[in-house]
$ cat protein05.cif   # mmCIF, C-alpha atoms
data_final
loop_
_atom_site.label_atom_id
_atom_site.label_comp_id
_atom_site.auth_asym_id
_atom_site.auth_seq_id
_atom_site.Cartn_x
_atom_site.Cartn_y
_atom_site.Cartn_z
CA MET A 1 -100.40 -86.89 -132.04
CA ALA A 2 -100.21 -90.38 -133.58
CA ALA A 3 -97.21 -89.33 -135.67
CA ARG A 4 -95.40 -87.95 -132.62
CA GLN A 5 -96.06 -91.16 -130.66
CA ASP A 6 -94.76 -93.30 -133.54
CA ALA A 7 -91.61 -91.14 -133.78
CA ALA A 8 -91.04 -91.43 -130.03
CA ARG A 9 -91.42 -95.22 -130.23
CA ARG A 10 -88.86 -95.45 -133.03
CA LYS A 11 -86.45 -93.26 -131.07
CA ARG A 12 -86.73 -95.49 -127.98
CA LEU A 13 -86.12 -98.58 -130.13
CA LEU A 14 -83.01 -97.03 -131.70
CA GLN A 15 -81.66 -96.02 -128.28
CA ALA A 16 -82.22 -99.55 -127.01
CA ARG A 17 -80.29 -101.03 -129.94
CA VAL A 18 -77.39 -98.61 -129.52
CA GLY A 19 -77.30 -99.36 -125.79
CA ALA A 20 -77.22 -103.10 -126.48
CA GLY A 21 -74.34 -102.60 -128.93
CA VAL A 22 -72.28 -100.61 -126.40
CA ALA A 23 -72.95 -103.23 -123.74
CA GLY A 24 -71.70 -105.90 -126.15
CA VAL A 25 -68.44 -103.98 -126.64
CA VAL A 26 -68.00 -103.63 -122.86
CA VAL A 27 -68.58 -107.35 -122.33
CA LEU A 28 -66.11 -108.24 -125.10
CA ALA A 29 -63.48 -105.94 -123.57
CA ALA A 30 -64.05 -107.57 -120.19
CA VAL A 31 -63.57 -111.06 -121.68
CA VAL A 32 -60.33 -109.98 -123.38
CA TRP A 33 -59.07 -108.52 -120.07
CA VAL A 34 -59.89 -111.74 -118.22
CA ILE A 35 -58.04 -113.84 -120.81
CA ALA A 36 -55.00 -111.56 -120.62
CA ALA A 37 -55.06 -111.59 -116.82
CA ALA A 38 -55.41 -115.37 -116.65
CA THR A 39 -52.45 -115.92 -118.98
CA GLY A 40 -50.24 -113.11 -117.75
CA GLY A 41 -50.66 -111.40 -121.12
CA SER A 42 -48.11 -113.74 -122.72
CA GLN A 43 -50.09 -114.96 -125.70
CA PRO A 44 -47.81 -116.38 -128.41
CA THR A 45 -47.93 -115.06 -131.94
CA ALA A 46 -49.90 -117.01 -134.53
CA ASN A 47 -46.71 -118.47 -135.95
CA PRO A 48 -43.95 -118.05 -133.37
CA SER A 49 -41.46 -120.11 -135.39
CA SER A 50 -41.28 -117.40 -138.07
CA GLY A 51 -40.40 -114.74 -135.49
CA PRO A 52 -42.10 -111.40 -134.85
CA THR A 53 -41.21 -108.23 -136.75
CA ALA A 54 -39.93 -106.76 -133.46
CA CYS A 55 -39.00 -108.52 -130.26
CA GLU A 56 -41.53 -108.26 -127.45
CA TRP A 57 -40.40 -108.70 -123.85
CA ILE A 58 -43.47 -109.42 -121.75
CA PRO A 59 -43.04 -108.50 -118.06
CA GLN A 60 -43.98 -111.20 -115.57
CA PHE A 61 -43.92 -109.09 -112.40
CA PRO A 62 -44.81 -105.55 -113.49
CA GLU A 63 -45.91 -104.52 -110.02
CA ALA A 64 -42.51 -105.52 -108.59
CA THR A 65 -40.23 -104.22 -111.32
CA ALA A 66 -38.18 -101.22 -110.21
CA SER A 67 -38.86 -97.98 -112.06
CA PRO A 68 -35.86 -96.48 -113.93
CA ASP A 69 -36.59 -93.19 -112.12
CA THR A 70 -36.36 -94.70 -108.66
CA ALA A 71 -33.87 -97.54 -108.92
CA SER A 72 -31.14 -98.79 -111.18
CA PRO A 73 -31.70 -101.95 -113.27
CA GLY A 74 -30.99 -105.12 -111.39
CA THR A 75 -32.15 -103.84 -108.03
CA ALA A 76 -35.34 -104.71 -106.22
CA SER A 77 -36.14 -103.19 -102.87
CA PRO A 78 -38.26 -105.59 -100.77
CA GLY A 79 -40.86 -103.72 -98.79
CA ALA A 80 -39.99 -100.35 -100.34
CA THR A 81 -42.82 -97.86 -100.50
CA SER A 82 -43.24 -95.56 -103.49
CA PRO A 83 -43.86 -91.87 -102.73
CA GLY A 84 -47.56 -91.39 -102.13
CA ALA A 85 -48.27 -95.14 -102.19
CA ALA A 86 -50.49 -96.62 -99.54
CA SER A 87 -48.88 -100.07 -99.56
CA PRO A 88 -45.31 -101.42 -99.96
CA THR A 89 -44.07 -102.34 -103.43
CA PRO A 90 -44.15 -106.15 -103.80
CA ALA A 91 -40.76 -107.82 -103.92
CA LEU A 92 -39.68 -110.06 -106.79
CA PRO A 93 -40.03 -113.81 -106.18
CA GLU A 94 -36.94 -115.48 -104.81
CA GLY A 95 -34.51 -116.43 -107.56
CA VAL A 96 -35.81 -113.85 -110.07
CA LYS A 97 -33.17 -111.33 -111.11
CA ASP A 98 -34.08 -107.95 -112.64
CA VAL A 99 -31.56 -106.55 -115.15
CA GLY A 100 -34.03 -104.71 -117.36
CA THR A 101 -35.03 -105.89 -120.84
CA PRO A 102 -33.18 -106.24 -124.16
CA PRO A 103 -33.82 -103.84 -127.06
CA THR A 104 -36.83 -104.53 -129.29
CA ASP A 105 -35.09 -103.85 -132.60
CA VAL A 106 -32.31 -106.39 -133.04
CA PRO A 107 -30.06 -107.75 -135.82
CA ARG A 108 -31.82 -110.34 -137.99
CA SER A 109 -28.91 -111.72 -139.97
CA GLY A 110 -25.40 -112.93 -139.31
CA PHE A 111 -23.88 -115.10 -136.58
CA GLN A 112 -22.90 -114.52 -132.96
CA VAL A 113 -20.88 -116.66 -130.56
CA LEU A 114 -21.55 -117.06 -126.84
CA THR A 115 -18.44 -117.99 -124.85
CA PHE A 116 -18.98 -119.84 -121.57
CA THR A 117 -15.81 -119.85 -119.48
CA THR A 118 -16.40 -122.60 -116.94
CA ASN A 119 -14.54 -124.39 -114.18
CA LEU A 120 -14.08 -127.27 -116.64
CA GLY A 121 -12.96 -125.25 -119.64
CA VAL A 122 -14.44 -123.14 -122.43
CA ILE A 123 -17.65 -123.87 -124.30
CA LYS A 124 -18.59 -121.85 -127.37
CA VAL A 125 -22.09 -121.75 -128.86
CA GLU A 126 -22.85 -120.16 -132.20
CA MET A 127 -26.26 -118.58 -132.87
CA ASP A 128 -27.76 -117.96 -136.31
CA LEU A 129 -29.56 -114.62 -136.04
CA SER A 130 -31.60 -115.25 -139.18
CA LYS A 131 -33.37 -118.10 -137.36
CA THR A 132 -33.59 -116.83 -133.76
CA PRO A 133 -32.99 -113.06 -133.66
CA CYS A 134 -34.93 -112.42 -130.44
CA THR A 135 -33.53 -115.43 -128.60
CA ALA A 136 -30.00 -114.41 -129.57
CA ALA A 137 -30.67 -110.83 -128.48
CA ASN A 138 -31.98 -112.10 -125.14
CA LEU A 139 -28.94 -114.25 -124.41
CA SER A 140 -26.39 -111.67 -125.54
CA TYR A 141 -28.15 -109.00 -123.45
CA LEU A 142 -28.19 -111.17 -120.32
CA ALA A 143 -24.52 -111.99 -120.89
CA SER A 144 -23.71 -108.27 -121.16
CA LYS A 145 -25.40 -107.73 -117.77
CA LYS A 146 -23.33 -110.56 -116.22
CA PHE A 147 -26.62 -112.31 -115.48
CA TYR A 148 -25.08 -115.79 -115.80
CA ASP A 149 -21.71 -115.12 -114.20
CA GLY A 150 -21.15 -117.36 -111.19
CA SER A 151 -24.17 -119.58 -111.92
CA SER A 152 -24.09 -123.35 -112.34
CA CYS A 153 -26.00 -125.82 -114.50
CA HIS A 154 -28.61 -127.04 -112.04
CA ARG A 155 -30.26 -130.00 -113.77
CA LEU A 156 -29.17 -133.07 -115.73
CA VAL A 157 -31.73 -135.35 -117.43
CA PRO A 158 -29.97 -138.45 -118.79
CA SER A 159 -33.13 -139.89 -120.39
CA ILE A 160 -33.23 -137.00 -122.89
CA PHE A 161 -29.47 -136.18 -122.81
CA ALA A 162 -30.10 -132.63 -121.58
CA LEU A 163 -27.97 -130.39 -119.35
CA GLN A 164 -30.06 -127.44 -118.15
CA CYS A 165 -28.52 -124.11 -117.13
CA GLY A 166 -29.32 -120.40 -116.96
CA ASP A 167 -30.87 -119.99 -113.50
CA PRO A 168 -28.68 -117.74 -111.30
CA SER A 169 -30.42 -119.09 -108.19
CA GLY A 170 -29.55 -122.70 -109.07
CA THR A 171 -33.03 -123.88 -108.01
CA GLY A 172 -34.66 -124.28 -111.41
CA SER A 173 -37.36 -121.72 -110.60
CA GLY A 174 -35.34 -118.54 -111.02
CA GLY A 175 -34.64 -116.40 -114.05
CA ALA A 176 -35.36 -113.06 -115.69
CA THR A 177 -38.36 -110.79 -115.14
CA TYR A 178 -39.80 -111.22 -118.64
CA ARG A 179 -40.88 -113.83 -121.20
CA PHE A 180 -40.75 -113.89 -125.00
CA ALA A 181 -42.06 -115.84 -127.97
CA ASP A 182 -40.78 -119.09 -129.45
CA GLU A 183 -38.51 -119.17 -132.49
CA ASN A 184 -37.19 -121.91 -134.79
CA LEU A 185 -39.22 -124.77 -133.32
CA PRO A 186 -38.06 -128.03 -134.97
CA THR A 187 -41.59 -129.46 -135.13
CA GLY A 188 -42.22 -132.49 -137.29
CA LYS A 189 -38.59 -133.60 -137.20
CA LEU A 190 -37.26 -136.82 -135.72
CA PRO A 191 -35.04 -136.42 -133.92
CA ALA A 192 -35.88 -132.80 -133.32
CA TYR A 193 -32.68 -132.16 -131.38
CA HIS A 194 -29.20 -133.47 -132.10
CA GLU A 195 -25.91 -133.77 -130.29
CA GLY A 196 -24.48 -130.30 -129.80
CA ASP A 197 -27.78 -128.44 -130.10
CA VAL A 198 -28.66 -125.75 -127.55
CA ALA A 199 -32.31 -124.80 -126.95
CA MET A 200 -34.39 -122.66 -124.61
CA ALA A 201 -36.11 -124.26 -121.62
CA ASN A 202 -39.70 -123.22 -120.94
CA THR A 203 -42.61 -123.81 -118.55
CA GLY A 204 -44.39 -126.19 -120.91
CA GLN A 205 -46.45 -123.37 -122.40
CA PRO A 206 -45.82 -121.55 -125.72
CA GLY A 207 -44.07 -118.21 -125.41
CA SER A 208 -42.67 -118.88 -121.94
CA ASN A 209 -38.96 -118.48 -122.71
CA GLY A 210 -36.83 -116.65 -120.17
CA SER A 211 -33.19 -117.14 -119.21
CA GLN A 212 -32.90 -120.93 -118.90
CA PHE A 213 -31.58 -123.16 -121.69
CA PHE A 214 -30.13 -126.64 -122.16
CA PHE A 215 -27.30 -128.40 -123.98
CA LEU A 216 -27.81 -131.76 -125.73
CA TRP A 217 -24.90 -134.19 -125.51
CA ALA A 218 -26.56 -136.79 -127.78
CA ASN A 219 -29.52 -137.02 -130.18
CA SER A 220 -32.69 -136.62 -128.12
CA GLN A 221 -36.27 -137.81 -128.50
CA LEU A 222 -37.63 -134.54 -127.11
CA GLN A 223 -40.60 -133.07 -128.96
CA GLY A 224 -39.83 -129.94 -130.98
CA ASP A 225 -41.40 -127.56 -128.45
CA TYR A 226 -38.23 -125.70 -127.48
CA SER A 227 -36.62 -122.82 -129.39
CA LEU A 228 -33.49 -124.18 -131.06
CA PHE A 229 -31.08 -121.24 -131.04
CA GLY A 230 -27.51 -122.51 -131.18
CA ARG A 231 -24.95 -125.21 -131.65
CA VAL A 232 -21.78 -126.02 -129.70
CA ILE A 233 -18.76 -125.28 -131.88
CA GLU A 234 -16.16 -125.75 -129.13
CA GLY A 235 -16.11 -127.62 -125.81
CA MET A 236 -18.51 -130.43 -126.66
CA ASP A 237 -16.23 -132.75 -124.73
CA ILE A 238 -17.04 -130.76 -121.57
CA VAL A 239 -20.79 -131.14 -122.05
CA LYS A 240 -20.37 -134.88 -122.64
CA LYS A 241 -18.19 -135.20 -119.55
CA VAL A 242 -20.87 -133.62 -117.37
CA GLY A 243 -23.53 -135.81 -118.98
CA ALA A 244 -21.49 -138.98 -118.42
CA GLY A 245 -21.07 -138.07 -114.75
CA GLY A 246 -24.78 -138.64 -114.09
CA ASP A 247 -27.12 -136.91 -111.65
CA ASP A 248 -28.17 -137.23 -108.01
CA GLY A 249 -31.87 -137.84 -108.76
CA ALA A 250 -33.01 -134.75 -106.84
CA PHE A 251 -35.74 -133.92 -109.39
CA GLU A 252 -36.66 -137.46 -110.41
CA ALA A 253 -40.05 -137.45 -108.69
CA GLN A 254 -41.07 -134.15 -110.31
CA ALA A 255 -39.47 -132.80 -113.47
CA GLY A 256 -36.98 -135.65 -113.92
CA GLY A 257 -33.24 -135.96 -113.45
CA GLY A 258 -31.25 -134.19 -110.77
CA HIS A 259 -28.21 -132.05 -110.04
CA PRO A 260 -25.16 -132.97 -112.14
CA LYS A 261 -22.66 -134.97 -110.11
CA THR A 262 -19.92 -133.32 -112.15
CA LYS A 263 -20.47 -129.70 -111.23
CA ILE A 264 -20.12 -127.09 -113.96
CA VAL A 265 -19.98 -123.39 -113.07
CA PHE A 266 -20.06 -120.43 -115.47
CA LYS A 267 -17.25 -118.12 -114.39
CA THR A 268 -18.15 -115.68 -117.16
CA VAL A 269 -20.48 -115.66 -120.15
CA THR A 270 -19.78 -113.23 -122.99
CA ALA A 271 -21.30 -112.55 -126.40
CA GLY A 272 -19.06 -111.80 -129.35
CA PRO A 273 -19.74 -109.42 -132.22
CA VAL A 274 -22.26 -110.20 -134.96
CA THR A 275 -20.40 -111.45 -138.03
CA PRO A 276 -21.60 -112.17 -141.57
CA GLU A 277 -19.87 -115.55 -141.70
CA SER A 278 -20.17 -118.59 -139.43
CA ALA A 279 -17.27 -119.34 -137.09
CA ALA A 280 -18.07 -123.05 -137.11
CA LYS A 281 -15.60 -125.32 -138.81
CA PRO A 282 -17.12 -126.75 -141.97
CA THR A 283 -17.99 -130.42 -141.83
CA THR A 284 -15.84 -132.32 -144.28
CA VAL A 285 -17.71 -134.89 -146.33
CA PRO A 286 -15.59 -137.49 -148.15
CA ALA A 287 -15.83 -137.09 -151.90
CA PRO A 288 -17.65 -139.98 -153.59
CA THR A 289 -15.34 -142.43 -155.26
CA SER A 290 -15.96 -143.37 -158.87
CA PRO A 291 -16.46 -147.07 -159.57
CA ALA A 292 -13.53 -148.83 -161.15
CA VAL A 293 -13.72 -149.04 -164.95
CA SER A 294 -12.13 -151.96 -166.74
CA PRO A 295 -9.91 -150.97 -169.59
CA SER A 296 -11.55 -151.50 -172.95
CA SER A 297 -10.31 -154.37 -175.02
#
$ encode --input "protein05.cif" --output "structure tokens"
Amino acid sequence: MAARQDAARRKRLLQARVGAGVAGVVVLAAVVWVIAAATGGSQPTANPSSGPTACEWIPQFPEATASPDTASPGTASPGATSPGAASPTPALPEGVKDVGTPPTDVPRSGFQVLTFTTNLGVIKVEMDLSKTPCTAANLSYLASKKFYDGSSCHRLVPSIFALQCGDPSGTGSGGATYRFADENLPTGKLPAYHEGDVAMANTGQPGSNGSQFFFLWANSQLQGDYSLFGRVIEGMDIVKKVGAGGDDGAFEAQAGGGHPKTKIVFKTVTAGPVTPESAAKPTTVPAPTSPAVSPSS
């Protein structure tokens, strides 16, 4: 009898320990879910500058994104009700444009040129895919979907020499339906961004890249928190012209700057083929001159 009671006591103790362990796992899972829900699931990689092994496009409005089986990419049906659903499908926020997502496996070497045909002329930006493969894939994909066609650069910030573009709504709050990780952050460099650089705009949080980007028309004192993906190889005079025109101060009390007084509109934006060699003209550096040598006596 004593032996049976001792065995029963040990069994209850073991069951209690196992139950406590399972409860711990459930609590941990709940904490992870809360963190993911609070951040929209867009946690950056441990070292976003090195780039992930495959591009990850994190949806921002999964409940409002049209299903490929029920709607074509780029369409959102406000108030539409899915078959069997009890409530209408939420509509995308105003200014957000759904064109699907880029591929996850993308080229990771070579160069690609974005051509912006604007009302002021042509601007060409070259991207180095070895440094920003996912950012380049994002921009070339959006260009292929005519995402930027007809849009204008909505914000000019003279204090940091930045011309911000890439929002089809022109409000500064619009963009694509997904976010992706940072790449090629010029941290620890001063200046981090130079005249002719082109970088991704973000929300101020890591891994919050979307469709918006900005041109730099002079060396800027911006911190290196923005993915540096390209450089202007043609049309820098156009960017400088818009920068010299100033802004209307519409955003001065909030984000800074305002609408460019010299309006620039993207008629079309296209991405060229990936090439092994850069299309940029090499910078010529004068050869050093040898000091004069007096003839020997």
$ resolve_selection --input "protein05.cif" --expression "the PyMOL selection byres ((chain A and resi 194) around 10)" --output "PDB file with C-alpha atoms, keeping the file's coordinate frame"
ATOM      1  CA  PHE A 161     -29.470-136.180-122.810  1.00  0.00           C
ATOM      2  CA  LEU A 190     -37.260-136.820-135.720  1.00  0.00           C
ATOM      3  CA  PRO A 191     -35.040-136.420-133.920  1.00  0.00           C
ATOM      4  CA  ALA A 192     -35.880-132.800-133.320  1.00  0.00           C
ATOM      5  CA  TYR A 193     -32.680-132.160-131.380  1.00  0.00           C
ATOM      6  CA  GLU A 195     -25.910-133.770-130.290  1.00  0.00           C
ATOM      7  CA  GLY A 196     -24.480-130.300-129.800  1.00  0.00           C
ATOM      8  CA  ASP A 197     -27.780-128.440-130.100  1.00  0.00           C
ATOM      9  CA  VAL A 198     -28.660-125.750-127.550  1.00  0.00           C
ATOM     10  CA  PHE A 215     -27.300-128.400-123.980  1.00  0.00           C
ATOM     11  CA  LEU A 216     -27.810-131.760-125.730  1.00  0.00           C
ATOM     12  CA  TRP A 217     -24.900-134.190-125.510  1.00  0.00           C
ATOM     13  CA  ALA A 218     -26.560-136.790-127.780  1.00  0.00           C
ATOM     14  CA  ASN A 219     -29.520-137.020-130.180  1.00  0.00           C
ATOM     15  CA  SER A 220     -32.690-136.620-128.120  1.00  0.00           C
ATOM     16  CA  GLN A 221     -36.270-137.810-128.500  1.00  0.00           C
ATOM     17  CA  LEU A 222     -37.630-134.540-127.110  1.00  0.00           C
ATOM     18  CA  ARG A 231     -24.950-125.210-131.650  1.00  0.00           C
TER      19      ARG A 231
END
$ atom_distance --input "protein05.cif" --atom1 "atom CA of Gln254 of chain A" --atom2 "atom CA of Gly204 of chain A"
13.7 Å
$ closest_residue --input "protein05.cif" --among "A:Asp105, A:Glu234, A:Asp98, A:Asp182" --to "Pro168 of chain A" --atoms "only C-alpha atoms"
A:Asp98
$ closest_residue --input "protein05.cif" --among "A:Thr104, A:Asn184, A:Thr262, A:Ser278" --to "Ser227 of chain A" --atoms "all atoms listed in the file"
A:Asn184
$ closest_residue --input "protein05.cif" --among "A:Thr177, A:Gln164, A:Ser208, A:Ser151" --to "His259 of chain A" --atoms "only C-alpha atoms"
A:Gln164
$ atom_distance --input "protein05.cif" --atom1 "atom CA of Ala54 of chain A" --atom2 "atom CA of Gly95 of chain A"
28.2 Å
$ atom_distance --input "protein05.cif" --atom1 "atom CA of Phe214 of chain A" --atom2 "atom CA of Met200 of chain A"
6.3 Å
$ closest_residue --input "protein05.cif" --among "A:Phe251, A:Phe111, A:Tyr141, A:Phe61" --to "Val157 of chain A" --atoms "all atoms listed in the file"
A:Phe251
$ resolve_selection --input "protein05.cif" --expression "the PyMOL selection byres ((chain A and resi 201) around 7)" --output "PyMOL selection string"
chain A and resi 199-200+202+209+212-214+226
$ resolve_selection --input "protein05.cif" --expression "the PyMOL selection byres ((chain A and resi 247) around 6)" --output "PyMOL selection string"
chain A and resi 156+246+248-249+258-261
$ closest_residue --input "protein05.cif" --among "A:Asn138, A:Thr187, A:Ser152, A:Thr115" --to "Val99 of chain A" --atoms "all atoms listed in the file"
A:Asn138
$ residues_near_point --input "protein05.cif" --point "(-18.3, -129.4, -124.3)" --cutoff "10 Å" --atoms "only C-alpha atoms" --output "PDB file with C-alpha atoms, in the frame of the given file"
ATOM      1  CA  PHE A 116     -18.980-119.840-121.570  1.00  0.00           C
ATOM      2  CA  LEU A 120     -14.080-127.270-116.640  1.00  0.00           C
ATOM      3  CA  GLY A 121     -12.960-125.250-119.640  1.00  0.00           C
ATOM      4  CA  VAL A 122     -14.440-123.140-122.430  1.00  0.00           C
ATOM      5  CA  ILE A 123     -17.650-123.870-124.300  1.00  0.00           C
ATOM      6  CA  LYS A 124     -18.590-121.850-127.370  1.00  0.00           C
ATOM      7  CA  VAL A 125     -22.090-121.750-128.860  1.00  0.00           C
ATOM      8  CA  GLY A 196     -24.480-130.300-129.800  1.00  0.00           C
ATOM      9  CA  PHE A 215     -27.300-128.400-123.980  1.00  0.00           C
ATOM     10  CA  LEU A 216     -27.810-131.760-125.730  1.00  0.00           C
ATOM     11  CA  TRP A 217     -24.900-134.190-125.510  1.00  0.00           C
ATOM     12  CA  VAL A 232     -21.780-126.020-129.700  1.00  0.00           C
ATOM     13  CA  ILE A 233     -18.760-125.280-131.880  1.00  0.00           C
ATOM     14  CA  GLU A 234     -16.160-125.750-129.130  1.00  0.00           C
ATOM     15  CA  GLY A 235     -16.110-127.620-125.810  1.00  0.00           C
ATOM     16  CA  MET A 236     -18.510-130.430-126.660  1.00  0.00           C
ATOM     17  CA  ASP A 237     -16.230-132.750-124.730  1.00  0.00           C
ATOM     18  CA  ILE A 238     -17.040-130.760-121.570  1.00  0.00           C
ATOM     19  CA  VAL A 239     -20.790-131.140-122.050  1.00  0.00           C
ATOM     20  CA  LYS A 240     -20.370-134.880-122.640  1.00  0.00           C
ATOM     21  CA  LYS A 241     -18.190-135.200-119.550  1.00  0.00           C
ATOM     22  CA  VAL A 242     -20.870-133.620-117.370  1.00  0.00           C
ATOM     23  CA  GLY A 243     -23.530-135.810-118.980  1.00  0.00           C
TER      24      GLY A 243
END
$ closest_residue --input "protein05.cif" --among "A:Pro102, A:Pro107, A:Pro282, A:Gly174" --to "Leu139 of chain A" --atoms "all atoms listed in the file"
A:Pro102
$ residues_around --input "protein05.cif" --residues "Glu94 of chain A" --least-positions-apart "2" --cutoff "9 Å" --atoms "only C-alpha atoms" --output "list in words"
Ala91, Leu92, Val96, Lys97, Ser169, Ser173 and Gly174 of chain A
$ write_last_selection --input "protein05.cif" --atoms "C-alpha atoms" --output "JSON list (two decimals), in the frame of the given file"
[["chain", "number", "residue", "atom", "x", "y", "z"],
["A", 91, "ALA", "CA", -40.76, -107.82, -103.92],
["A", 92, "LEU", "CA", -39.68, -110.06, -106.79],
["A", 96, "VAL", "CA", -35.81, -113.85, -110.07],
["A", 97, "LYS", "CA", -33.17, -111.33, -111.11],
["A", 169, "SER", "CA", -30.42, -119.09, -108.19],
["A", 173, "SER", "CA", -37.36, -121.72, -110.60],
["A", 174, "GLY", "CA", -35.34, -118.54, -111.02]]
